[in-house]
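> My questions will all concern the structure given below.
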Protein chains: 2
Amino acid sequence: MSNLNNSNILILATNGFQEDELFEPMSFFKSKDADVKLASPSLEEISAGEGDSRSIRPDLTFEDVKVSEFDALILPGGLANPDTLRQNEDAITLIRAFGTEGKTIGAICHAPWLLAEAGIVEGREITSFPSIKTDMKNAGATWVDKEVVCDNGIVTSRKPDDLPAFCAKIEEEILEGRHDRNLLRAA
Amino acid sequence: MSNLNNSNILILATNGFQEDELFEPMSFFKSKDADVKLASPSLEEISAGEGDSRSIRPDLTFEDVKVSEFDALILPGGLANPDTLRQNEDAITLIRAFGTEGKTIGAICHAPWLLAEAGIVEGREITSFPSIKTDMKNAGATWVDKEVVCDNGIVTSRKPDDLPAFCAKIEEEILEGRHDRNLLRAA
């Protein structure tokens, strides 16, 4: 039987996302009967990037997201996707809101950039794709090389191979409920 | 008449470079009779990325570079190119050597990531593609939004449109000669 049928999960992405890092968590949480929504800057179809990669139509725009309706936020990686989103004030405001409200956040690969942009990594244990290790350390995180790291409901992983551990840890954190945290210590 | 015919310029790049940011400085400095060499992780042809983008064969590998033979270093942007190079210890060691030896360094777009990786932006005025502004600030730089910024021989620009100003400022810095600096203040 499903154990997430009252859970609402939001995925944020735009063009240039890493394909598995969007579709695999989406399938995983839908298979658990969670309600999964994809938000983007607009309702135009977004694609994973080069060649004949998969596309998907977002369910809602960042402006239409009500944070109170969601239990968890998932941030897929890719290079262009987080590079674009970190310049989008609405995206960063949403991510920060999930942070301050103690909701579960999962970020994989290059997506921890978005956590740094939202100011919610300082003093926390974080992993990421190794190329952005220095950015994470400079943002005040303690960077570790593990398939999944969870620090008070903030779940991070390094790469597509880590997706099973990433999804399982996010599920566990959602079932734990809200996290009591004061994320914006540095703000 | 040319004014750079005794100058030796090194460009570092790998796959996924921004096309104009490699070829335009290369053409500019060759037209001034400078000797311009391209170094990469191996001697295999590298390409700008997607579709029918231009390719180029490197002149030498990072291991074969003798920093003493060059007057200036140029780092083109693109997303994948600096994301890959910042994980390459030989590349970072070379960049740091150009820094400590007071040689002119030019980095454009996402390439200032490499300066952060080499630990040579702290306390300096830097520009970059706006998406990495937070990474530059977290690395200790004072980030400014200008087509070209020069801080003691470290020349940075934001995007391909800035290339004319970027190349002109690098030329000026090469003609000034070595910069007396202690770049690794934080090391």
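Each chain in the structure tokens gets a letter, A, B and so on, in the order shown; residues start at 1 in every chain, and ligands are counted from 1 in the order they appear.
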Which residues, written as a list in words, have at least one atom at most 10 Å from A:Asp90, with only C-alpha atoms counted and residues fewer than 6 positions away on the same chain left out?
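Close residues of A:Asp90: Ser40, Pro41, Thr61, Phe62, Glu63, Val65 and Arg96 of chain A.
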> Among stretch 30-183 of chain B, which ones does DSSP place in strand (DSSP E or B), written as a PyMOL selection string?
chain B and resi 35-40+46-47+55-56+60-61+72-75+104-108+125-126+142-143+149-151+154-157
> How far is it from atom CA of B:Lys37 to atom CA of B:Asn88, in Å with one decimal?
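So the two atoms, atom CA of B:Lys37 and atom CA of B:Asn88, lie 18.9 Å apart.
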> Excluding stretch 152-162 of chain B and residues on its chain fewer than 6 positions from it, collect all residues at most 10 Å away from it, counting only C-alpha atoms, and give them as a VMD selection string.
chain B and resid 18 to 22 24 72 to 78 99 102 to 112 115 120 to 121 124 to 131 144 to 146 169 to 170 172 to 174 176 to 181 183
> Please return, as a PDB file with N, CA and C atoms, in the first residue's frame, all residues of chain B lying within 10 Å of chain A when only C-alpha atoms are considered.

ATOM      1  N   GLY B  49      30.295  22.334 -28.283  1.00  0.00           N
ATOM      2  CA  GLY B  49      29.149  21.754 -27.599  1.00  0.00           C
ATOM      3  C   GLY B  49      28.110  21.199 -28.527  1.00  0.00           C
ATOM      4  N   GLU B  50      26.946  21.811 -28.538  1.00  0.00           N
ATOM      5  CA  GLU B  50      25.801  21.217 -29.216  1.00  0.00           C
ATOM      6  C   GLU B  50      25.869  21.357 -30.740  1.00  0.00           C
ATOM      7  N   GLY B  51      25.244  20.389 -31.410  1.00  0.00           N
ATOM      8  CA  GLY B  51      24.981  20.467 -32.842  1.00  0.00           C
ATOM      9  C   GLY B  51      26.234  20.643 -33.687  1.00  0.00           C
ATOM     10  N   LEU B  79      29.270  26.666 -20.277  1.00  0.00           N
ATOM     11  CA  LEU B  79      28.914  26.047 -18.992  1.00  0.00           C
ATOM     12  C   LEU B  79      29.748  24.800 -18.711  1.00  0.00           C
ATOM     13  N   ALA B  80      29.745  23.856 -19.673  1.00  0.00           N
ATOM     14  CA  ALA B  80      30.419  22.577 -19.425  1.00  0.00           C
ATOM     15  C   ALA B  80      31.939  22.748 -19.325  1.00  0.00           C
ATOM     16  N   PRO B  82      34.138  25.286 -18.162  1.00  0.00           N
ATOM     17  CA  PRO B  82      34.718  25.543 -16.831  1.00  0.00           C
ATOM     18  C   PRO B  82      34.239  24.557 -15.769  1.00  0.00           C
ATOM     19  N   ASP B  83      33.035  24.005 -15.933  1.00  0.00           N
ATOM     20  CA  ASP B  83      32.545  23.017 -14.966  1.00  0.00           C
ATOM     21  C   ASP B  83      33.452  21.782 -14.963  1.00  0.00           C
ATOM     22  N   THR B  84      33.946  21.405 -16.136  1.00  0.00           N
ATOM     23  CA  THR B  84      34.885  20.270 -16.235  1.00  0.00           C
ATOM     24  C   THR B  84      36.280  20.669 -15.758  1.00  0.00           C
ATOM     25  N   LEU B  85      36.756  21.831 -16.228  1.00  0.00           N
ATOM     26  CA  LEU B  85      38.136  22.222 -15.902  1.00  0.00           C
ATOM     27  C   LEU B  85      38.357  22.485 -14.420  1.00  0.00           C
ATOM     28  N   ARG B  86      37.301  22.931 -13.722  1.00  0.00           N
ATOM     29  CA  ARG B  86      37.524  23.214 -12.301  1.00  0.00           C
ATOM     30  C   ARG B  86      37.762  21.940 -11.509  1.00  0.00           C
ATOM     31  N   GLN B  87      37.449  20.788 -12.116  1.00  0.00           N
ATOM     32  CA  GLN B  87      37.717  19.502 -11.466  1.00  0.00           C
ATOM     33  C   GLN B  87      39.072  18.927 -11.871  1.00  0.00           C
ATOM     34  N   ASN B  88      39.802  19.669 -12.731  1.00  0.00           N
ATOM     35  CA  ASN B  88      41.080  19.183 -13.252  1.00  0.00           C
ATOM     36  C   ASN B  88      42.227  19.861 -12.486  1.00  0.00           C
ATOM     37  N   TRP B 113      34.612  31.165 -12.468  1.00  0.00           N
ATOM     38  CA  TRP B 113      34.591  30.004 -11.575  1.00  0.00           C
ATOM     39  C   TRP B 113      35.991  29.431 -11.372  1.00  0.00           C
ATOM     40  N   ALA B 116      37.952  31.355  -8.982  1.00  0.00           N
ATOM     41  CA  ALA B 116      37.527  31.052  -7.607  1.00  0.00           C
ATOM     42  C   ALA B 116      38.127  29.723  -7.166  1.00  0.00           C
ATOM     43  N   GLU B 117      38.113  28.754  -8.093  1.00  0.00           N
ATOM     44  CA  GLU B 117      38.667  27.425  -7.775  1.00  0.00           C
ATOM     45  C   GLU B 117      40.153  27.526  -7.452  1.00  0.00           C
ATOM     46  N   ALA B 118      40.863  28.411  -8.163  1.00  0.00           N
ATOM     47  CA  ALA B 118      42.305  28.581  -7.949  1.00  0.00           C
ATOM     48  C   ALA B 118      42.594  29.486  -6.746  1.00  0.00           C
ATOM     49  N   GLY B 119      41.552  30.015  -6.134  1.00  0.00           N
ATOM     50  CA  GLY B 119      41.738  30.830  -4.926  1.00  0.00           C
ATOM     51  C   GLY B 119      42.300  32.212  -5.195  1.00  0.00           C
ATOM     52  N   PRO B 130      26.057  36.781 -14.917  1.00  0.00           N
ATOM     53  CA  PRO B 130      25.379  37.086 -13.650  1.00  0.00           C
ATOM     54  C   PRO B 130      24.970  35.861 -12.829  1.00  0.00           C
ATOM     55  N   SER B 131      24.788  34.709 -13.469  1.00  0.00           N
ATOM     56  CA  SER B 131      24.351  33.528 -12.709  1.00  0.00           C
ATOM     57  C   SER B 131      25.336  33.113 -11.634  1.00  0.00           C
ATOM     58  N   ILE B 132      26.629  33.450 -11.810  1.00  0.00           N
ATOM     59  CA  ILE B 132      27.615  32.991 -10.819  1.00  0.00           C
ATOM     60  C   ILE B 132      28.062  34.115  -9.875  1.00  0.00           C
ATOM     61  N   LYS B 133      27.297  35.212  -9.899  1.00  0.00           N
ATOM     62  CA  LYS B 133      27.593  36.342  -9.014  1.00  0.00           C
ATOM     63  C   LYS B 133      27.724  35.894  -7.550  1.00  0.00           C
ATOM     64  N   THR B 134      26.765  35.081  -7.084  1.00  0.00           N
ATOM     65  CA  THR B 134      26.786  34.635  -5.682  1.00  0.00           C
ATOM     66  C   THR B 134      28.039  33.811  -5.389  1.00  0.00           C
ATOM     67  N   ASP B 135      28.431  32.948  -6.338  1.00  0.00           N
ATOM     68  CA  ASP B 135      29.649  32.147  -6.135  1.00  0.00           C
ATOM     69  C   ASP B 135      30.882  33.054  -6.029  1.00  0.00           C
ATOM     70  N   MET B 136      30.903  34.112  -6.842  1.00  0.00           N
ATOM     71  CA  MET B 136      32.051  35.035  -6.803  1.00  0.00           C
ATOM     72  C   MET B 136      32.088  35.801  -5.476  1.00  0.00           C
ATOM     73  N   LYS B 137      30.925  36.269  -5.043  1.00  0.00           N
ATOM     74  CA  LYS B 137      30.871  36.985  -3.751  1.00  0.00           C
ATOM     75  C   LYS B 137      31.265  36.056  -2.610  1.00  0.00           C
ATOM     76  N   ASN B 138      30.743  34.820  -2.649  1.00  0.00           N
ATOM     77  CA  ASN B 138      31.066  33.863  -1.577  1.00  0.00           C
ATOM     78  C   ASN B 138      32.548  33.493  -1.584  1.00  0.00           C
ATOM     79  N   ALA B 139      33.210  33.656  -2.752  1.00  0.00           N
ATOM     80  CA  ALA B 139      34.653  33.402  -2.840  1.00  0.00           C
ATOM     81  C   ALA B 139      35.464  34.615  -2.392  1.00  0.00           C
ATOM     82  N   GLY B 140      34.753  35.693  -2.023  1.00  0.00           N
ATOM     83  CA  GLY B 140      35.446  36.860  -1.480  1.00  0.00           C
ATOM     84  C   GLY B 140      35.653  38.002  -2.451  1.00  0.00           C
TER      85      GLY B 140
END
> So how far away is atom CA of B:Leu94 from atom CA of A:Ala141, in Å?
26.8 Å
> Apply DSSP to the structure's backbone, then extract all residues of stretch 22-125 of chain A labelled helix (DSSP H, G or I) and return them as JSON, numbers by chain.
{"A": [22, 23, 24, 25, 26, 27, 28, 29, 30, 31, 62, 63, 64, 67, 68, 69, 80, 81, 82, 83, 84, 85, 89, 90, 91, 92, 93, 94, 95, 96, 97, 98, 99, 100, 112, 113, 114, 115, 116, 117]}
> Hey, can you spit out that residue selection with N, CA and C atoms as a CSV table (one decimal), in the first residue's frame?

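Result saved to selection21.csv:
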chain,number,residue,atom,x,y,z
A,22,LEU,N,14.9,14.5,-13.1
A,22,LEU,CA,13.5,15.0,-13.0
A,22,LEU,C,12.5,13.8,-13.1
A,23,PHE,N,12.7,13.0,-14.1
A,23,PHE,CA,11.6,11.9,-14.3
A,23,PHE,C,11.7,10.8,-13.3
A,24,GLU,N,12.8,10.5,-12.8
A,24,GLU,CA,12.9,9.4,-11.8
A,24,GLU,C,12.2,9.7,-10.5
A,25,PRO,N,12.5,10.9,-9.8
A,25,PRO,CA,11.8,11.2,-8.6
A,25,PRO,C,10.3,11.4,-8.9
A,26,MET,N,9.9,12.0,-10.1
A,26,MET,CA,8.5,12.1,-10.4
A,26,MET,C,7.8,10.8,-10.4
A,27,SER,N,8.4,9.8,-11.1
A,27,SER,CA,7.8,8.5,-11.2
A,27,SER,C,7.8,7.8,-9.8
A,28,PHE,N,8.9,7.9,-9.1
A,28,PHE,CA,9.0,7.3,-7.7
A,28,PHE,C,7.8,7.8,-6.8
A,29,PHE,N,7.7,9.1,-6.7
A,29,PHE,CA,6.7,9.6,-5.8
A,29,PHE,C,5.2,9.5,-6.3
A,30,LYS,N,5.0,9.5,-7.6
A,30,LYS,CA,3.7,9.1,-8.2
A,30,LYS,C,3.4,7.7,-7.9
A,31,SER,N,4.4,6.8,-7.9
A,31,SER,CA,4.1,5.4,-7.7
A,31,SER,C,3.7,5.2,-6.2
A,62,PHE,N,5.9,29.5,-11.4
A,62,PHE,CA,6.4,29.9,-10.1
A,62,PHE,C,5.4,30.8,-9.4
A,63,GLU,N,4.8,31.8,-10.1
A,63,GLU,CA,3.9,32.7,-9.6
A,63,GLU,C,2.7,32.1,-9.0
A,64,ASP,N,2.3,30.9,-9.6
A,64,ASP,CA,1.0,30.3,-9.1
A,64,ASP,C,1.2,29.3,-8.0
A,67,VAL,N,3.1,27.8,-1.5
A,67,VAL,CA,4.0,26.9,-0.7
A,67,VAL,C,3.3,26.1,0.3
A,68,SER,N,2.2,26.7,0.9
A,68,SER,CA,1.4,26.0,1.9
A,68,SER,C,0.8,24.7,1.5
A,69,GLU,N,0.6,24.6,0.1
A,69,GLU,CA,0.0,23.4,-0.4
A,69,GLU,C,0.9,22.2,-0.6
A,80,ALA,N,22.4,23.7,-17.3
A,80,ALA,CA,21.7,25.0,-17.7
A,80,ALA,C,20.5,25.2,-16.8
A,81,ASN,N,19.8,24.2,-16.3
A,81,ASN,CA,18.6,24.3,-15.5
A,81,ASN,C,18.9,25.1,-14.2
A,82,PRO,N,19.8,24.7,-13.3
A,82,PRO,CA,20.0,25.5,-12.1
A,82,PRO,C,20.7,26.8,-12.5
A,83,ASP,N,21.5,26.9,-13.5
A,83,ASP,CA,22.2,28.1,-13.9
A,83,ASP,C,21.2,29.2,-14.3
A,84,THR,N,20.1,28.8,-14.9
A,84,THR,CA,19.0,29.7,-15.3
A,84,THR,C,18.2,30.0,-14.0
A,85,LEU,N,17.8,29.0,-13.3
A,85,LEU,CA,16.8,29.2,-12.2
A,85,LEU,C,17.5,30.1,-11.1
A,89,GLU,N,14.2,35.3,-9.6
A,89,GLU,CA,13.9,35.7,-8.2
A,89,GLU,C,12.7,34.9,-7.6
A,90,ASP,N,11.7,34.6,-8.5
A,90,ASP,CA,10.6,33.9,-8.0
A,90,ASP,C,11.0,32.5,-7.6
A,91,ALA,N,11.9,31.9,-8.3
A,91,ALA,CA,12.4,30.5,-8.0
A,91,ALA,C,13.1,30.6,-6.6
A,92,ILE,N,14.0,31.5,-6.5
A,92,ILE,CA,14.8,31.6,-5.2
A,92,ILE,C,13.9,31.9,-4.0
A,93,THR,N,12.9,32.8,-4.2
A,93,THR,CA,12.0,33.1,-3.1
A,93,THR,C,11.2,31.9,-2.7
A,94,LEU,N,10.8,31.1,-3.7
A,94,LEU,CA,10.1,29.8,-3.4
A,94,LEU,C,10.9,28.8,-2.6
A,95,ILE,N,12.2,28.7,-3.0
A,95,ILE,CA,13.1,27.7,-2.4
A,95,ILE,C,13.3,28.2,-0.9
A,96,ARG,N,13.5,29.5,-0.8
A,96,ARG,CA,13.8,30.0,0.6
A,96,ARG,C,12.6,29.8,1.5
A,97,ALA,N,11.4,29.9,0.9
A,97,ALA,CA,10.1,29.7,1.7
A,97,ALA,C,10.0,28.2,2.1
A,98,PHE,N,10.3,27.3,1.3
A,98,PHE,CA,10.3,25.9,1.7
A,98,PHE,C,11.4,25.7,2.8
A,99,GLY,N,12.5,26.4,2.7
A,99,GLY,CA,13.5,26.3,3.8
A,99,GLY,C,13.0,26.9,5.1
A,100,THR,N,12.5,28.1,5.1
A,100,THR,CA,12.1,28.7,6.4
A,100,THR,C,10.9,28.0,7.0
A,112,PRO,N,22.2,21.9,-5.8
A,112,PRO,CA,22.5,22.6,-4.6
A,112,PRO,C,23.0,24.1,-4.8
A,113,TRP,N,23.4,24.5,-6.0
A,113,TRP,CA,23.6,25.9,-6.3
A,113,TRP,C,22.4,26.7,-5.9
A,114,LEU,N,21.2,26.2,-6.1
A,114,LEU,CA,20.0,26.9,-5.8
A,114,LEU,C,19.8,27.1,-4.3
A,115,LEU,N,20.3,26.1,-3.6
A,115,LEU,CA,20.2,26.2,-2.1
A,115,LEU,C,21.2,27.3,-1.6
A,116,ALA,N,22.4,27.4,-2.3
A,116,ALA,CA,23.3,28.4,-2.0
A,116,ALA,C,22.8,29.8,-2.3
A,117,GLU,N,22.1,29.9,-3.5
A,117,GLU,CA,21.5,31.1,-3.9
A,117,GLU,C,20.5,31.6,-3.0
> For atom CA of A:Leu38 and atom CA of A:Glu101, determine how far apart the two atoms are, in Å to one decimal place.
19.8 Å
